[in-house]
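What follows is a set of notes on a single structure, which appears directly below.
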Amino acid sequence: MRADLHVHSRYSDGSDCAEAVIKQARDNGVTQLSFVDHDTVEGLVELNMLGEKYGIELVPGIEISAYDFKRDRKVHLLGYNFHSNAVHMKSICEPLLKRRQEHSLWQIEKIQAAGYELDLEAIIEHAKPSKTIYKQHIMKSLTEAAYTSPDYKRLYNSLFKGDGVASGDIRYIDAFDAVWAIKADGGVAVVAHPGQLDSYDIIPELVEVGLSGIERNHMDHTVEDHHRVEAFAEKYNLVMTGGSDYHGSFGAAVKVGDIVSPSNLRKVVNNVKSL
């Protein structure tokens, strides 16, 4: 079984519709897939139908944009195999999505004031079915340059980083609240790409409130990260997951299934339930 447990779609900041992602997964031999769109579970009904259509096991997933307030850094939490109503995760994520949308609208205004032409209605339409505008949607309206190109990076940094007119960020969810919500909805809580965000220090503390896993296989992880993840997994009895972190043309050049999980999700869930 090949399990890619970290992909994104147009329900958040991916460029491809869910069906296109699932078709690519099928063509690349992926048998188990989890969409972990940011802070939303809006696509679950469609995803389940598409999974049945293409013969791929779709595992409910989410990636929650959380924060380690003690160390002043971001930490992302993956949630898997939760109840379909996901009432607790929705209760903490909906205010976050509202803050993100308000911030994106502010960014568009600032960029327009700086002399760039942006059509808000066109951006909203292009973002659908996501109800939230992300920076990727704004950039799509500004340039046709590839995400990985120097031109794209130069424009992105000039607008959204440092002294850029649209720089700044929103207030994220407390990481402990994110783990609690995932567990309260019957899910498996996993720290996403700790090497990318330097999230290692908070892991022992999150274990105390119900963290069950840690993402090992990710494009931004080095061999050293693999060793660190394995050490944490052994010390705290955590399951290890992984995936491509696919965002289509809105992300790094990677295909669905290029990076897969050390374990399939069924094994992960069974291991967690046995702890």
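Letters A, B, ... go to the chains of the structure tokens in the order shown; residues in each chain start at 1; ligands are counted from 1 in the same order.
Omitting A:Glu42 and its sequence neighbours fewer than 3 positions away, and counting only C-alpha atoms, the residues within 10 Å are Tyr11, Ser12, Asp37, Asp39, Val45, Glu46, Leu47, Ile62, Lys90, Pro129, Ser130 and Lys131 of chain A.
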Report the closest atom pair, with its distance in Å rounded to one decimal, for each residue of stretch 29-98 of chain A that has an atom no farther than 12 Å from stretch 102-122 of chain A; count only C-alpha atoms, sort by chain and then rising residue number, and write it as JSON lines.
{"residue": "A:Pro95", "atom": "CA", "partner": "A:Glu102", "partner_atom": "CA", "distance": 10.6}
{"residue": "A:Leu96", "atom": "CA", "partner": "A:Glu102", "partner_atom": "CA", "distance": 9.9}
{"residue": "A:Leu97", "atom": "CA", "partner": "A:Glu102", "partner_atom": "CA", "distance": 8.6}
{"residue": "A:Lys98", "atom": "CA", "partner": "A:Glu102", "partner_atom": "CA", "distance": 6.2}
**Prompt:** Pick from A:Ser212, A:Ser91, A:Ser261, A:Ser249: nearest to A:Arg10, with only C-alpha atoms counted?
**Reply:**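 Closest candidate: A:Ser249.
If you measure from each of A:Asp185, A:Asp72, A:Asp151, A:Asp13 to A:Gly251 using only C-alpha atoms, the closest one turns out to be A:Asp13.
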Please produce, as JSON lines, a per-residue contact table for stretch 137-221 of chain A versus stretch 15-24 of chain A (criterion: any atom at most 12 Å away, only C-alpha atoms considered), showing the nearest atom pair and its distance in Å to one decimal, sorted by chain then residue number.
{"residue": "A:His137", "atom": "CA", "partner": "A:Ser15", "partner_atom": "CA", "distance": 8.7}
{"residue": "A:Met139", "atom": "CA", "partner": "A:Ser15", "partner_atom": "CA", "distance": 11.8}
{"residue": "A:Lys140", "atom": "CA", "partner": "A:Ser15", "partner_atom": "CA", "distance": 9.7}
{"residue": "A:Tyr147", "atom": "CA", "partner": "A:Ser15", "partner_atom": "CA", "distance": 11.1}
Can you write just those residues out, all heavy atoms, as a PDB file, in the first residue's frame?
ATOM      1  N   HIS A 137      -3.569  32.831  -4.235  1.00  0.00           N
ATOM      2  CA  HIS A 137      -4.601  33.333  -5.137  1.00  0.00           C
ATOM      3  C   HIS A 137      -4.291  34.763  -5.577  1.00  0.00           C
ATOM      4  O   HIS A 137      -4.526  35.136  -6.732  1.00  0.00           O
ATOM      5  CB  HIS A 137      -5.965  33.278  -4.454  1.00  0.00           C
ATOM      6  CG  HIS A 137      -6.365  31.914  -4.011  1.00  0.00           C
ATOM      7  ND1 HIS A 137      -6.863  31.650  -2.752  1.00  0.00           N
ATOM      8  CD2 HIS A 137      -6.303  30.721  -4.656  1.00  0.00           C
ATOM      9  CE1 HIS A 137      -7.110  30.354  -2.650  1.00  0.00           C
ATOM     10  NE2 HIS A 137      -6.785  29.774  -3.787  1.00  0.00           N
ATOM     11  N   MET A 139      -1.250  36.084  -5.739  1.00  0.00           N
ATOM     12  CA  MET A 139      -0.093  36.010  -6.628  1.00  0.00           C
ATOM     13  C   MET A 139      -0.493  35.538  -8.023  1.00  0.00           C
ATOM     14  O   MET A 139       0.064  36.000  -9.023  1.00  0.00           O
ATOM     15  CB  MET A 139       0.965  35.077  -6.034  1.00  0.00           C
ATOM     16  CG  MET A 139       1.729  35.656  -4.860  1.00  0.00           C
ATOM     17  SD  MET A 139       2.790  37.050  -5.328  1.00  0.00           S
ATOM     18  CE  MET A 139       3.975  36.245  -6.417  1.00  0.00           C
ATOM     19  N   LYS A 140      -1.451  34.634  -8.099  1.00  0.00           N
ATOM     20  CA  LYS A 140      -1.918  34.141  -9.397  1.00  0.00           C
ATOM     21  C   LYS A 140      -2.476  35.276 -10.240  1.00  0.00           C
ATOM     22  O   LYS A 140      -2.342  35.272 -11.480  1.00  0.00           O
ATOM     23  CB  LYS A 140      -2.985  33.064  -9.183  1.00  0.00           C
ATOM     24  CG  LYS A 140      -3.573  32.493 -10.460  1.00  0.00           C
ATOM     25  CD  LYS A 140      -2.532  31.735 -11.265  1.00  0.00           C
ATOM     26  CE  LYS A 140      -3.158  31.080 -12.484  1.00  0.00           C
ATOM     27  NZ  LYS A 140      -2.145  30.397 -13.329  1.00  0.00           N
ATOM     28  N   TYR A 147       5.827  29.158  -9.579  1.00  0.00           N
ATOM     29  CA  TYR A 147       6.046  29.307  -8.137  1.00  0.00           C
ATOM     30  C   TYR A 147       7.521  29.184  -7.771  1.00  0.00           C
ATOM     31  O   TYR A 147       8.001  29.887  -6.876  1.00  0.00           O
ATOM     32  CB  TYR A 147       5.226  28.249  -7.402  1.00  0.00           C
ATOM     33  CG  TYR A 147       5.436  28.194  -5.907  1.00  0.00           C
ATOM     34  CD1 TYR A 147       4.697  29.008  -5.051  1.00  0.00           C
ATOM     35  CD2 TYR A 147       6.367  27.326  -5.348  1.00  0.00           C
ATOM     36  CE1 TYR A 147       4.880  28.966  -3.676  1.00  0.00           C
ATOM     37  CE2 TYR A 147       6.566  27.274  -3.972  1.00  0.00           C
ATOM     38  CZ  TYR A 147       5.818  28.092  -3.146  1.00  0.00           C
ATOM     39  OH  TYR A 147       6.013  28.051  -1.786  1.00  0.00           O
TER      40      TYR A 147
END
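Each of A:Val191, A:Ala181, A:Leu58, A:Ala3 was checked against A:Val239 using only C-alpha atoms; the smallest atom-to-atom distance is that of A:Val191.
Pairwise distance (atom CA of A:Ala178, atom CA of A:Lys128) equals 25.5 Å.
A straight line drawn from atom CA of A:Asp198 to atom CA of A:Leu77 is 13.1 Å long.
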**Message:** With distances taken over only C-alpha atoms, which residue among A:Leu155, A:Ala189, A:Met240, A:Ala127 lies nearest A:Leu78?
**Reply:** A:Ala189
**Request:** For stretch 27-34 of chain A, list every protein, DNA or RNA residue within 12 Å, evaluated using only C-alpha atoms, and leave out those in the same chain fewer than 3 positions away; present the list as a PyMOL selection string.
**Result:** chain A and resi 1-9+18+20-24+37+41+43-44+47-48+50-52+54-63+78-82+241-246+255-261+263-267
**Asked** Looking only at the backbone, which of the residues in stretch 24-181 of chain A does DSSP tag as helix (DSSP H, G or I), as a PyMOL selection string?
**Response** chain A and resi 24-27+44-54+87-113+120-127+135-142+150-160+175-181
**Prompt:** Would you give me, as number ranges by chain, the residues in stretch 13-179 of chain A that DSSP reads as strand (DSSP E)?
**Reply:** A: 32-35, 57-58, 61-68, 73-80, 173-174
**Message:** From the options A:Thr132, A:Ser199, A:Thr40, A:Ser167, which residue's atoms come nearest to A:Ile92, counting only C-alpha atoms?
**Reply:**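 Residue with the minimum atom-to-atom distance to A:Ile92: A:Thr40.
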**Prompt:** From the set A:Met219, A:Ile173, A:Leu197, A:Val165, which residue has the shortest atom-to-atom contact distance to A:Val75, counting only C-alpha atoms?
**Reply:**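 The closest residue to A:Val75 is A:Leu197.
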**Item:** Nearby residues (only C-alpha atoms) at most 12 Å from A:His227, same-chain spacing under 6 positions excluded, as number ranges by chain
**Value:** A: 195, 215-217, 221, 233-234, 240
**Item:** Å distance separating atom CA of A:Ser141 from atom CA of A:Phe160, one decimal place
**Value:**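 Straight-line distance from atom CA of A:Ser141 to atom CA of A:Phe160 works out to 14.7 Å.
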**Prompt:** Near A:Phe232, counting only C-alpha atoms, which residues have an atom at most 9 Å away, once you skip same-chain residues fewer than 6 positions from it, shown as a VMD selection string?
**Reply:** chain A and resid 200 203 to 204 214 238
Residue subset to file, keeping N, CA and C atoms, as a PDB file, in the first residue's frame:
ATOM      1  N   TYR A 200      10.280  20.910  17.015  1.00  0.00           N
ATOM      2  CA  TYR A 200      10.658  19.769  17.851  1.00  0.00           C
ATOM      3  C   TYR A 200      10.460  20.016  19.348  1.00  0.00           C
ATOM      4  N   ILE A 203       7.099  19.126  21.081  1.00  0.00           N
ATOM      5  CA  ILE A 203       6.547  17.776  20.945  1.00  0.00           C
ATOM      6  C   ILE A 203       6.328  17.073  22.290  1.00  0.00           C
ATOM      7  N   PRO A 204       7.298  17.055  23.211  1.00  0.00           N
ATOM      8  CA  PRO A 204       7.044  16.383  24.493  1.00  0.00           C
ATOM      9  C   PRO A 204       5.848  16.973  25.242  1.00  0.00           C
ATOM     10  N   ILE A 214       4.036  12.004  14.463  1.00  0.00           N
ATOM     11  CA  ILE A 214       4.958  13.018  13.981  1.00  0.00           C
ATOM     12  C   ILE A 214       5.266  12.706  12.513  1.00  0.00           C
ATOM     13  N   LEU A 238       5.402   7.424  19.340  1.00  0.00           N
ATOM     14  CA  LEU A 238       4.613   8.125  18.341  1.00  0.00           C
ATOM     15  C   LEU A 238       4.660   7.375  17.011  1.00  0.00           C
TER      16      LEU A 238
END
